>>> print(open('model.txt').read())   # compact mmCIF, C-alpha atoms and all ligand atoms
# COMPACT_ATOMS: atom_id res chain seq x y z
CA MET A 1 33.77 35.58 -14.60
CA GLN A 2 35.33 32.18 -14.93
CA ASP A 3 38.61 33.57 -13.61
CA GLU A 4 36.84 35.32 -10.81
CA LEU A 5 35.16 32.06 -9.78
CA ASN A 6 38.38 30.07 -9.88
CA LYS A 7 40.11 32.76 -7.87
CA ILE A 8 37.48 32.69 -5.16
CA LYS A 9 37.66 28.91 -5.05
CA GLN A 10 41.38 29.09 -4.38
CA GLU A 11 40.84 31.76 -1.78
CA ILE A 12 38.29 29.61 0.05
CA PHE A 13 40.52 26.56 0.06
CA GLU A 14 43.40 28.68 1.42
CA GLU A 15 41.18 29.93 4.23
CA LEU A 16 39.87 26.47 4.98
CA LYS A 17 43.40 25.31 5.66
CA LYS A 18 43.70 27.84 8.48
CA ILE A 19 40.49 26.85 10.19
CA SER A 20 40.54 24.53 13.17
CA GLU A 21 37.13 24.71 14.82
CA SER A 22 33.52 24.58 13.77
CA GLU A 23 32.55 28.18 14.71
CA ALA A 24 35.00 29.60 12.20
CA LEU A 25 33.81 27.07 9.67
CA LYS A 26 30.28 28.35 10.02
CA GLU A 27 31.45 31.94 9.53
CA LEU A 28 33.35 31.00 6.41
CA GLU A 29 30.37 29.19 5.01
CA ILE A 30 28.16 32.24 5.48
CA LYS A 31 30.79 34.59 4.08
CA TYR A 32 31.22 32.66 0.84
CA LEU A 33 28.20 30.42 0.27
CA GLY A 34 25.50 32.32 2.14
CA ARG A 35 22.65 34.09 0.42
CA LYS A 36 24.55 37.37 0.50
CA GLY A 37 27.91 35.62 0.18
CA GLU A 38 30.78 36.08 -2.24
CA LEU A 39 29.70 33.34 -4.64
CA ASN A 40 26.27 34.80 -5.11
CA ARG A 41 27.76 38.27 -5.51
CA ILE A 42 29.71 37.04 -8.52
CA LEU A 43 26.76 35.10 -9.91
CA ARG A 44 24.65 38.24 -9.99
CA GLY A 45 26.63 39.06 -13.13
CA LEU A 46 25.10 36.00 -14.86
CA ALA A 47 22.14 38.03 -16.06
CA GLU A 48 24.34 39.91 -18.53
CA LEU A 49 25.76 36.79 -20.21
CA SER A 50 24.51 35.02 -23.32
CA GLY A 51 22.65 31.69 -23.07
CA GLU A 52 25.69 29.46 -23.76
CA GLU A 53 27.95 31.40 -21.43
CA LYS A 54 25.32 31.45 -18.74
CA LYS A 55 25.06 27.68 -18.85
CA LYS A 56 28.83 27.17 -18.72
CA ILE A 57 29.41 29.57 -15.85
CA GLY A 58 26.37 28.27 -14.02
CA MET A 59 27.72 24.72 -14.19
CA LEU A 60 31.16 25.79 -13.05
CA ALA A 61 29.68 27.70 -10.12
CA ASN A 62 27.70 24.65 -9.09
CA GLU A 63 30.73 22.39 -9.27
CA ILE A 64 32.72 24.77 -7.13
CA LYS A 65 29.92 25.08 -4.65
CA ASN A 66 29.62 21.30 -4.35
CA GLU A 67 33.35 20.87 -3.90
CA ILE A 68 33.47 23.45 -1.15
CA THR A 69 30.38 22.08 0.56
CA ASP A 70 31.90 18.59 0.58
CA LYS A 71 35.09 19.92 2.10
CA ILE A 72 33.21 21.90 4.73
CA ASN A 73 31.16 18.85 5.66
CA GLU A 74 34.26 16.76 5.94
CA LEU A 75 35.89 19.27 8.26
CA ARG A 76 32.72 19.68 10.27
CA ILE A 77 32.72 15.98 11.09
CA LEU A 78 36.40 16.11 11.91
CA PHE A 79 36.04 19.07 14.27
CA GLY A 80 32.87 17.73 15.81
CA ALA A 81 34.50 14.41 16.60
CA GLY A 82 37.65 16.01 17.86
CA VAL A 83 36.12 18.41 20.38
CA LYS A 84 36.88 17.18 23.85
CA THR A 85 34.82 19.82 25.60
CA GLU A 86 31.59 18.61 24.01
CA PHE A 87 28.78 18.73 26.53
CA ILE A 88 26.24 15.93 26.56
CA ASP A 89 23.10 16.69 28.51
CA VAL A 90 22.06 13.26 29.72
CA THR A 91 18.79 14.63 31.08
CA LEU A 92 17.48 15.38 27.59
CA PRO A 93 14.84 12.96 26.29
CA GLY A 94 16.17 10.30 23.94
CA GLY A 95 16.07 10.83 20.20
CA LYS A 96 12.97 9.46 18.51
CA ARG A 97 13.05 7.37 15.39
CA PRO A 98 10.78 8.88 12.76
CA ARG A 99 7.73 6.67 12.33
CA GLY A 100 5.40 6.39 9.41
CA HIS A 101 1.68 6.87 9.71
CA LEU A 102 -1.53 5.83 8.01
CA HIS A 103 -2.53 7.07 4.58
CA PRO A 104 -5.47 9.53 4.74
CA ILE A 105 -7.68 7.09 2.85
CA THR A 106 -6.89 4.34 5.35
CA ILE A 107 -7.75 6.68 8.22
CA ILE A 108 -11.26 7.36 6.84
CA GLN A 109 -11.71 3.70 5.89
CA ASN A 110 -10.86 2.64 9.45
CA GLU A 111 -13.34 5.12 10.93
CA LEU A 112 -16.12 3.77 8.75
CA GLU A 113 -15.16 0.16 9.44
CA ASP A 114 -15.43 0.91 13.16
CA LEU A 115 -18.91 2.34 12.70
CA PHE A 116 -20.19 -0.61 10.66
CA SER A 117 -18.52 -3.25 12.81
CA SER A 118 -20.32 -1.77 15.81
CA LEU A 119 -23.58 -2.27 13.87
CA GLY A 120 -22.80 -5.91 13.24
CA PHE A 121 -21.61 -5.69 9.63
CA MET A 122 -18.91 -8.03 8.33
CA VAL A 123 -15.91 -6.41 6.66
CA LEU A 124 -14.87 -8.15 3.44
CA SER A 125 -12.34 -7.41 0.76
CA GLY A 126 -12.30 -9.26 -2.56
CA PRO A 127 -10.42 -9.85 -5.78
CA GLU A 128 -9.17 -6.79 -7.63
CA LEU A 129 -8.87 -8.91 -10.76
CA GLU A 130 -12.52 -9.79 -11.24
CA SER A 131 -14.53 -11.62 -13.85
CA ASP A 132 -16.62 -9.67 -16.31
CA TRP A 133 -19.60 -11.61 -14.99
CA TYR A 134 -19.28 -10.42 -11.37
CA ASN A 135 -18.20 -6.91 -12.28
CA PHE A 136 -21.01 -6.29 -14.79
CA THR A 137 -23.40 -9.08 -15.79
CA ALA A 138 -24.35 -10.26 -12.31
CA LEU A 139 -25.00 -6.64 -11.38
CA ASN A 140 -27.70 -6.42 -14.02
CA ILE A 141 -25.37 -4.84 -16.58
CA PRO A 142 -25.50 -7.36 -19.45
CA PRO A 143 -22.97 -7.26 -22.32
CA HIS A 144 -23.74 -4.34 -24.67
CA HIS A 145 -25.61 -2.44 -21.93
CA PRO A 146 -24.72 1.26 -22.26
CA ALA A 147 -23.99 1.48 -18.52
CA ARG A 148 -20.72 -0.33 -19.25
CA ASP A 149 -19.47 2.73 -21.10
CA MET A 150 -19.38 4.69 -17.85
CA GLN A 151 -16.90 2.27 -16.36
CA ASP A 152 -14.32 1.42 -18.98
CA THR A 153 -11.64 -0.69 -17.40
CA PHE A 154 -8.51 -2.71 -18.07
CA TYR A 155 -9.15 -6.07 -19.70
CA VAL A 156 -6.70 -8.79 -18.90
CA ASP A 157 -5.45 -11.28 -21.47
CA LYS A 158 -5.76 -14.29 -19.20
CA LYS A 159 -8.30 -17.08 -18.83
CA ASN A 160 -10.58 -17.50 -15.83
CA GLU A 161 -11.28 -20.76 -13.99
CA ASN A 162 -13.71 -21.80 -16.77
CA GLY A 163 -11.13 -21.23 -19.48
CA GLU A 164 -12.76 -18.02 -20.72
CA LYS A 165 -11.01 -14.75 -21.31
CA ASP A 166 -13.22 -12.53 -19.22
CA LEU A 167 -11.04 -11.01 -16.52
CA VAL A 168 -11.16 -7.31 -15.83
CA MET A 169 -9.73 -5.04 -13.17
CA ARG A 170 -12.83 -4.39 -11.07
CA THR A 171 -14.33 -0.96 -11.71
CA GLN A 172 -16.33 -0.94 -8.49
CA THR A 173 -16.62 -2.80 -5.19
CA SER A 174 -20.20 -3.81 -6.08
CA PRO A 175 -19.25 -7.24 -7.52
CA MET A 176 -18.48 -8.28 -3.95
CA GLN A 177 -22.21 -7.94 -3.20
CA VAL A 178 -22.85 -11.00 -5.34
CA ARG A 179 -19.83 -12.92 -4.05
CA ALA A 180 -20.92 -12.24 -0.47
CA MET A 181 -24.49 -13.41 -1.18
CA GLN A 182 -23.22 -16.60 -2.76
CA LYS A 183 -20.88 -17.35 0.08
CA TYR A 184 -22.93 -16.33 3.12
CA GLY A 185 -26.55 -16.31 1.88
CA ALA A 186 -29.27 -14.31 3.61
CA PRO A 187 -29.63 -12.56 6.02
CA LEU A 188 -26.49 -10.60 5.32
CA LYS A 189 -24.83 -7.41 6.59
CA VAL A 190 -21.56 -6.59 4.95
CA ILE A 191 -19.29 -3.73 3.97
CA ILE A 192 -16.54 -3.93 1.36
CA PRO A 193 -13.85 -1.26 1.26
CA GLY A 194 -11.40 -1.71 -1.58
CA ARG A 195 -9.35 -0.59 -4.51
CA VAL A 196 -10.95 -0.20 -7.93
CA PHE A 197 -9.70 0.66 -11.40
CA ARG A 198 -10.88 2.48 -14.49
CA SER A 199 -9.34 3.22 -17.82
CA GLU A 200 -9.28 6.99 -17.44
CA ALA A 201 -7.39 9.80 -19.06
CA THR A 202 -6.17 11.07 -15.69
CA ASP A 203 -6.59 14.64 -14.53
CA VAL A 204 -7.23 16.39 -11.22
CA ARG A 205 -10.56 14.60 -10.80
CA HIS A 206 -9.92 11.29 -12.60
CA GLU A 207 -7.55 8.55 -11.55
CA HIS A 208 -7.11 5.02 -12.89
CA THR A 209 -6.78 3.57 -9.39
CA PHE A 210 -8.93 4.70 -6.48
CA TYR A 211 -10.90 3.47 -3.45
CA GLN A 212 -14.54 2.71 -2.84
CA PHE A 213 -16.66 1.69 0.09
CA GLU A 214 -19.63 -0.58 -0.49
CA GLY A 215 -22.41 -1.62 1.87
CA LEU A 216 -25.09 -4.30 1.61
CA MET A 217 -27.82 -5.45 3.95
CA ILE A 218 -30.28 -8.25 3.18
CA ASP A 219 -33.04 -9.59 5.36
CA HIS A 220 -36.82 -10.12 5.47
CA ASN A 221 -38.83 -6.92 5.06
CA ILE A 222 -35.90 -4.59 4.49
CA ASN A 223 -37.08 -1.29 3.04
CA PHE A 224 -35.92 2.16 2.07
CA ARG A 225 -36.20 3.47 5.64
CA HIS A 226 -33.48 1.08 6.77
CA LEU A 227 -31.21 2.38 4.02
CA LYS A 228 -31.93 5.95 5.01
CA GLY A 229 -31.29 5.25 8.68
CA ILE A 230 -27.89 3.75 7.99
CA LEU A 231 -26.88 6.51 5.60
CA GLU A 232 -27.87 9.13 8.15
CA LEU A 233 -25.52 7.48 10.63
CA VAL A 234 -22.73 7.53 8.05
CA GLY A 235 -23.26 11.26 7.50
CA LYS A 236 -23.16 12.01 11.23
CA LYS A 237 -19.99 9.93 11.61
CA LEU A 238 -18.30 11.74 8.74
CA TYR A 239 -19.46 15.30 9.24
CA GLY A 240 -20.91 15.66 12.73
CA PRO A 241 -24.26 15.21 14.53
CA ASP A 242 -26.13 18.02 12.73
CA THR A 243 -25.56 16.53 9.27
CA LYS A 244 -28.70 15.98 7.22
CA LEU A 245 -29.22 13.52 4.37
CA ARG A 246 -31.04 14.20 1.11
CA MET A 247 -31.83 11.43 -1.37
CA ARG A 248 -32.89 11.93 -4.97
CA PRO A 249 -33.74 9.36 -7.63
CA LYS A 250 -30.80 8.22 -9.72
CA PHE A 251 -30.31 5.27 -12.04
CA TYR A 252 -27.92 2.49 -11.18
CA PRO A 253 -28.54 -0.83 -12.96
CA PHE A 254 -28.12 -2.93 -9.79
CA VAL A 255 -30.74 -1.16 -7.67
CA GLU A 256 -34.43 -0.37 -8.08
CA PRO A 257 -35.32 2.22 -7.00
CA GLY A 258 -31.91 3.89 -7.06
CA ALA A 259 -30.97 7.13 -5.35
CA ASN A 260 -28.01 9.36 -4.80
CA GLY A 261 -27.19 10.52 -1.30
CA GLU A 262 -26.20 14.06 -0.43
CA TYR A 263 -25.15 15.43 2.95
CA THR A 264 -25.40 19.01 4.16
CA CYS A 265 -22.10 20.70 3.42
CA PHE A 266 -19.84 20.45 6.47
CA LEU A 267 -18.17 23.75 5.67
CA CYS A 268 -21.24 26.04 5.48
CA HIS A 269 -23.77 23.73 7.19
CA GLY A 270 -26.16 24.07 4.29
CA ALA A 271 -25.97 27.82 3.74
CA GLY A 272 -24.07 27.48 0.46
CA CYS A 273 -20.37 28.03 -0.16
CA ARG A 274 -17.55 27.39 -2.62
CA LEU A 275 -17.10 23.75 -1.51
CA CYS A 276 -20.73 22.74 -2.19
CA LYS A 277 -20.95 25.00 -5.26
CA HIS A 278 -23.50 27.11 -3.37
CA THR A 279 -26.06 24.33 -3.15
CA GLY A 280 -25.61 23.56 0.56
CA TRP A 281 -25.27 19.84 -0.29
CA LEU A 282 -22.39 17.51 -1.09
CA GLU A 283 -23.16 14.56 -3.34
CA ILE A 284 -21.41 11.61 -1.75
CA LEU A 285 -22.98 8.27 -2.58
CA GLY A 286 -25.04 6.00 -4.77
CA SER A 287 -27.61 3.68 -3.26
CA GLY A 288 -30.90 1.88 -3.62
CA MET A 289 -32.88 -1.29 -3.06
CA VAL A 290 -31.04 -4.31 -4.47
CA HIS A 291 -32.47 -5.27 -7.89
CA PRO A 292 -34.21 -8.70 -7.94
CA ASN A 293 -31.85 -9.79 -10.74
CA VAL A 294 -28.87 -9.14 -8.49
CA LEU A 295 -30.39 -11.11 -5.63
CA LYS A 296 -31.02 -13.97 -8.06
CA ALA A 297 -27.42 -13.80 -9.32
CA GLY A 298 -26.36 -14.15 -5.68
CA GLY A 299 -28.62 -17.18 -5.21
CA ILE A 300 -31.15 -15.36 -2.99
CA ASP A 301 -34.91 -15.59 -3.59
CA PRO A 302 -36.20 -12.02 -4.20
CA ASP A 303 -39.68 -13.08 -3.09
CA LYS A 304 -38.38 -13.96 0.36
CA TYR A 305 -35.68 -11.36 0.91
CA GLN A 306 -35.06 -7.70 0.17
CA GLY A 307 -31.97 -5.61 0.62
CA PHE A 308 -30.38 -2.23 0.23
CA ALA A 309 -26.95 -1.33 -1.08
CA PHE A 310 -24.82 1.77 -1.24
CA GLY A 311 -21.40 2.73 -2.47
CA PHE A 312 -19.14 5.77 -2.50
CA GLY A 313 -15.63 6.85 -3.34
CA LEU A 314 -13.24 7.22 -0.43
CA ASN A 315 -10.90 9.52 -2.36
CA ARG A 316 -13.67 12.04 -2.80
CA LEU A 317 -14.48 12.00 0.92
CA VAL A 318 -10.88 12.72 1.82
CA MET A 319 -10.55 15.37 -0.90
CA LEU A 320 -13.57 17.23 0.43
CA LYS A 321 -12.49 16.94 4.05
CA TYR A 322 -8.97 18.25 3.52
CA ASN A 323 -9.61 20.51 0.55
CA ILE A 324 -7.36 18.48 -1.75
CA ASP A 325 -7.59 19.62 -5.35
CA ASP A 326 -5.80 16.82 -7.22
CA ILE A 327 -6.87 13.17 -6.89
CA ARG A 328 -3.54 11.99 -8.35
CA LEU A 329 -1.75 12.98 -5.13
CA PHE A 330 -3.13 9.89 -3.33
CA ASN A 331 -1.09 7.41 -5.33
CA SER A 332 1.87 9.70 -5.92
CA GLY A 333 3.88 8.53 -2.91
CA ASP A 334 4.89 12.16 -2.51
CA LEU A 335 5.97 12.61 1.10
CA ARG A 336 5.33 16.36 1.00
CA PHE A 337 1.68 15.42 0.53
CA LEU A 338 1.49 12.38 2.81
CA GLU A 339 3.25 13.93 5.77
CA GLN A 340 0.46 16.47 6.17
CA PHE A 341 -1.92 13.92 7.64
N1 LIG B 401 -20.85 1.04 -7.91
C1 LIG B 401 -21.32 2.40 -8.09
C2 LIG B 401 -20.23 3.20 -8.78
O1 LIG B 401 -19.11 2.79 -8.83
C3 LIG B 401 -21.69 3.04 -6.77
C4 LIG B 401 -22.94 2.44 -6.22
C5 LIG B 401 -24.16 2.97 -6.55
C6 LIG B 401 -22.90 1.33 -5.39
C7 LIG B 401 -25.33 2.46 -6.06
C8 LIG B 401 -24.07 0.79 -4.87
C9 LIG B 401 -25.29 1.37 -5.23
O2 LIG B 401 -24.08 -0.27 -4.07
O3 LIG B 401 -26.43 0.85 -4.71
O4 LIG B 401 -20.50 4.27 -9.28
>>> encode(input="model.txt", output="structure tokens", more="lines below")
Ligand code: DAH
Amino acid sequence: MQDELNKIKQEIFEELKKISESEALKELEIKYLGRKGELNRILRGLAELSGEEKKKIGMLANEIKNEITDKINELRILFGAGVKTEFIDVTLPGGKRPRGHLHPITIIQNELEDLFSSLGFMVLSGPELESDWYNFTALNIPPHHPARDMQDTFYVDKKNENGEKDLVMRTQTSPMQVRAMQKYGAPLKVIIPGRVFRSEATDVRHEHTFYQFEGLMIDHNINFRHLKGILELVGKKLYGPDTKLRMRPKFYPFVEPGANGEYTCFLCHGAGCRLCKHTGWLEILGSGMVHPNVLKAGGIDPDKYQGFAFGFGLNRLVMLKYNIDDIRLFNSGDLRFLEQF
């Protein structure tokens, strides 16, 4: 087979010498390198060879193929450049430079920022390297509280501004609630989209780096109805005007009472399907009335002001919307994935 391959290589190079225009070059390429070409005809015999032999011949075939392809490309350029009869249609539109586009998470984030800006909310970001105090303690999760187990993170071996080693990669955007209260006081209307981190064994549903979207509103006489009203708007923005909201009690240390938020499934409109696991509802967010301890941590008097807060994962929203089955794709930088949006 080795001889056969070398022979065909010689034959091709002989024929290439005789060629002087690109049409014939194309024909030669098909005849030898095409799917039904000579090279593949020979390689069909590979199946009968032993493992070692197969590898050797396979490598040789590849080398030959590359050599020929290089030569063909070289000639193609030569012929192309040399053709005097080339016809340029000046009426054709100009070539476009390929442009990038926004990441699917950014697209959703922008849509939600538009909604909340129109309602008078500030948009803040915040430090990704956060102190243990803001990330946990100020949110009513004291040291040794079991709720910390749910959000294991990356601890950083560096001292904070007070000389203590208490820096962590933030596990949630919620610490910005307290920073915003401290900086702006009450009344307050703010959203915080941002990147968060957890020490996860990654799989299709778990990623060490992902995105959340946090909301906080504080004023006199704020109650659960205000929270519900805002979350209903979010649902309609995300999934259309017929979307309904369902809230059920759920524990989060930084709210009291706390609730999850579910929207009617946008695929089956509540009838039940594969996406919503036949419940008709998609669990999207966590929410509740801001715990007095959190208001105090933010320097706000809980006897004068109340507030609501909510938070959800942006990755999950995008995964549901586009039927994406592996969360790790978002940070993969894989263009085959990104170019679909
Ligand atoms: N920070 C929570 C998490 O990462 C989500 C959350 C729940 C945010 C309830 C809130 C809230 O503001 O009120 O799971």
>>> residues_near_ligand(input="model.txt", ligand="ligand LIG 401 (chain B)", cutoff="9 Å", atoms="all atoms listed in the file", output="PyMOL selection string")
chain A and resi 150-151+171-175+177+196+212-216+250-256+258-260+285-290+308-313
>>> residues_near_point(input="model.txt", point="(-22.2, 20.8, -0.4)", cutoff="12 Å", atoms="all atoms listed in the file", output="ChimeraX atom specification")
/A:239,243-246,261-284,317,320-321
>>> residues_around(input="model.txt", residues="range 47-54 of chain A", least_positions_apart="6", cutoff="12 Å", atoms="all atoms listed in the file", output="PyMOL selection string")
chain A and resi 1-2+41+60-61
>>> atom_distance(input="model.txt", atom1="CA of Phe116 in chain A", atom2="CA of Ile218 in chain A")
14.7 Å
>>> closest_residue(input="model.txt", among="A:Gly194, A:Pro143, A:Gly80, A:Gly58", to="Gly126 in chain A", atoms="only C-alpha atoms")
A:Gly194
>>> atom_distance(input="model.txt", atom1="CA of Asp152 in chain A", atom2="CA of His291 in chain A")
22.3 Å
>>> closest_residue(input="model.txt", among="A:His206, A:Phe79, A:Glu38, A:Gln10", to="Ala24 in chain A", atoms="all atoms listed in the file")
A:Phe79
>>> closest_residue(input="model.txt", among="A:Glu4, A:Lys189, A:Glu15, A:Gly95", to="Ile57 in chain A", atoms="only C-alpha atoms")
A:Glu4
>>> atom_distance(input="model.txt", atom1="CA of Phe154 in chain A", atom2="CA of Ile107 in chain A")
27.9 Å
>>> residues_around(input="model.txt", residues="range 294-304 of chain A", least_positions_apart="4", cutoff="6 Å", atoms="all atoms listed in the file", output="list in words")
Ala138, Leu139, Val178, Met181 and Gln182 of chain A
>>> axis_aligned_box(input="model.txt", around="range 127-133 of chain A", padding_each_side="6 Å", output="AutoDock Vina command-line options")
--center_x -14.2 --center_y -9.2 --center_z -11.0 --size_x 22.7 --size_y 16.8 --size_z 22.5
>>> closest_residue(input="model.txt", among="A:Leu238, A:Met247, A:Ile327, A:Ile192", to="Ile108 in chain A", atoms="all atoms listed in the file")
A:Leu238
>>> closest_atom_pairs(input="model.txt", of="range 53-138 of chain A", to="range 160-169 of chain A", cutoff="8 Å", atoms="only C-alpha atoms", output="Markdown table")
| residue | atom | partner | partner_atom | distance |
| --- | --- | --- | --- | --- |
| A:Glu128 | CA | A:Met169 | CA | 5.8 |
| A:Leu129 | CA | A:Met169 | CA | 4.6 |
| A:Glu130 | CA | A:Val168 | CA | 5.4 |
| A:Ser131 | CA | A:Leu167 | CA | 4.4 |
| A:Asp132 | CA | A:Asp166 | CA | 5.3 |
| A:Trp133 | CA | A:Asp166 | CA | 7.7 |
| A:Asn135 | CA | A:Val168 | CA | 7.9 |
>>> write_last_selection(input="model.txt", atoms="C-alpha atoms", output="short mmCIF file (atom, residue, chain, number, x, y, z; two decimals), in the frame of the given file")
data_model
loop_
_atom_site.label_atom_id
_atom_site.label_comp_id
_atom_site.auth_asym_id
_atom_site.auth_seq_id
_atom_site.Cartn_x
_atom_site.Cartn_y
_atom_site.Cartn_z
CA GLU A 128 -9.17 -6.79 -7.63
CA LEU A 129 -8.87 -8.91 -10.76
CA GLU A 130 -12.52 -9.79 -11.24
CA SER A 131 -14.53 -11.62 -13.85
CA ASP A 132 -16.62 -9.67 -16.31
CA TRP A 133 -19.60 -11.61 -14.99
CA ASN A 135 -18.20 -6.91 -12.28
#
>>> build_atoms(input="model.txt", residues="range 175-191 of chain A", atoms="N, CA and C atoms", output="PDB file, in the frame of the given file")
ATOM      1  N   PRO A 175     -19.240  -5.798  -7.254  1.00  0.00           N
ATOM      2  CA  PRO A 175     -19.250  -7.240  -7.520  1.00  0.00           C
ATOM      3  C   PRO A 175     -19.148  -8.088  -6.244  1.00  0.00           C
ATOM      4  N   MET A 176     -18.585  -7.520  -5.203  1.00  0.00           N
ATOM      5  CA  MET A 176     -18.480  -8.280  -3.950  1.00  0.00           C
ATOM      6  C   MET A 176     -19.845  -8.486  -3.296  1.00  0.00           C
ATOM      7  N   GLN A 177     -20.839  -7.683  -3.685  1.00  0.00           N
ATOM      8  CA  GLN A 177     -22.210  -7.940  -3.200  1.00  0.00           C
ATOM      9  C   GLN A 177     -22.605  -9.358  -3.566  1.00  0.00           C
ATOM     10  N   VAL A 178     -22.405  -9.700  -4.836  1.00  0.00           N
ATOM     11  CA  VAL A 178     -22.850 -11.000  -5.340  1.00  0.00           C
ATOM     12  C   VAL A 178     -22.003 -12.120  -4.739  1.00  0.00           C
ATOM     13  N   ARG A 179     -20.681 -11.890  -4.666  1.00  0.00           N
ATOM     14  CA  ARG A 179     -19.830 -12.920  -4.050  1.00  0.00           C
ATOM     15  C   ARG A 179     -20.229 -13.161  -2.605  1.00  0.00           C
ATOM     16  N   ALA A 180     -20.540 -12.084  -1.875  1.00  0.00           N
ATOM     17  CA  ALA A 180     -20.920 -12.240  -0.470  1.00  0.00           C
ATOM     18  C   ALA A 180     -22.234 -13.000  -0.343  1.00  0.00           C
ATOM     19  N   MET A 181     -23.203 -12.688  -1.212  1.00  0.00           N
ATOM     20  CA  MET A 181     -24.490 -13.410  -1.180  1.00  0.00           C
ATOM     21  C   MET A 181     -24.284 -14.887  -1.439  1.00  0.00           C
ATOM     22  N   GLN A 182     -23.456 -15.188  -2.426  1.00  0.00           N
ATOM     23  CA  GLN A 182     -23.220 -16.600  -2.760  1.00  0.00           C
ATOM     24  C   GLN A 182     -22.553 -17.336  -1.606  1.00  0.00           C
ATOM     25  N   LYS A 183     -21.630 -16.658  -0.960  1.00  0.00           N
ATOM     26  CA  LYS A 183     -20.880 -17.350   0.080  1.00  0.00           C
ATOM     27  C   LYS A 183     -21.646 -17.444   1.393  1.00  0.00           C
ATOM     28  N   TYR A 184     -22.328 -16.357   1.781  1.00  0.00           N
ATOM     29  CA  TYR A 184     -22.930 -16.330   3.120  1.00  0.00           C
ATOM     30  C   TYR A 184     -24.452 -16.435   3.113  1.00  0.00           C
ATOM     31  N   GLY A 185     -25.092 -16.231   1.933  1.00  0.00           N
ATOM     32  CA  GLY A 185     -26.550 -16.310   1.880  1.00  0.00           C
ATOM     33  C   GLY A 185     -27.212 -15.182   2.656  1.00  0.00           C
ATOM     34  N   ALA A 186     -28.534 -15.329   2.882  1.00  0.00           N
ATOM     35  CA  ALA A 186     -29.270 -14.310   3.610  1.00  0.00           C
ATOM     36  C   ALA A 186     -29.663 -14.869   4.981  1.00  0.00           C
ATOM     37  N   PRO A 187     -29.852 -14.014   6.001  1.00  0.00           N
ATOM     38  CA  PRO A 187     -29.630 -12.560   6.020  1.00  0.00           C
ATOM     39  C   PRO A 187     -28.145 -12.210   5.973  1.00  0.00           C
ATOM     40  N   LEU A 188     -27.870 -10.986   5.587  1.00  0.00           N
ATOM     41  CA  LEU A 188     -26.490 -10.600   5.320  1.00  0.00           C
ATOM     42  C   LEU A 188     -26.282  -9.115   5.640  1.00  0.00           C
ATOM     43  N   LYS A 189     -25.205  -8.820   6.340  1.00  0.00           N
ATOM     44  CA  LYS A 189     -24.830  -7.410   6.590  1.00  0.00           C
ATOM     45  C   LYS A 189     -23.341  -7.307   6.341  1.00  0.00           C
ATOM     46  N   VAL A 190     -22.969  -6.590   5.310  1.00  0.00           N
ATOM     47  CA  VAL A 190     -21.560  -6.590   4.950  1.00  0.00           C
ATOM     48  C   VAL A 190     -21.132  -5.235   4.375  1.00  0.00           C
ATOM     49  N   ILE A 191     -19.889  -4.876   4.662  1.00  0.00           N
ATOM     50  CA  ILE A 191     -19.290  -3.730   3.970  1.00  0.00           C
ATOM     51  C   ILE A 191     -18.034  -4.221   3.248  1.00  0.00           C
TER      52      ILE A 191
END
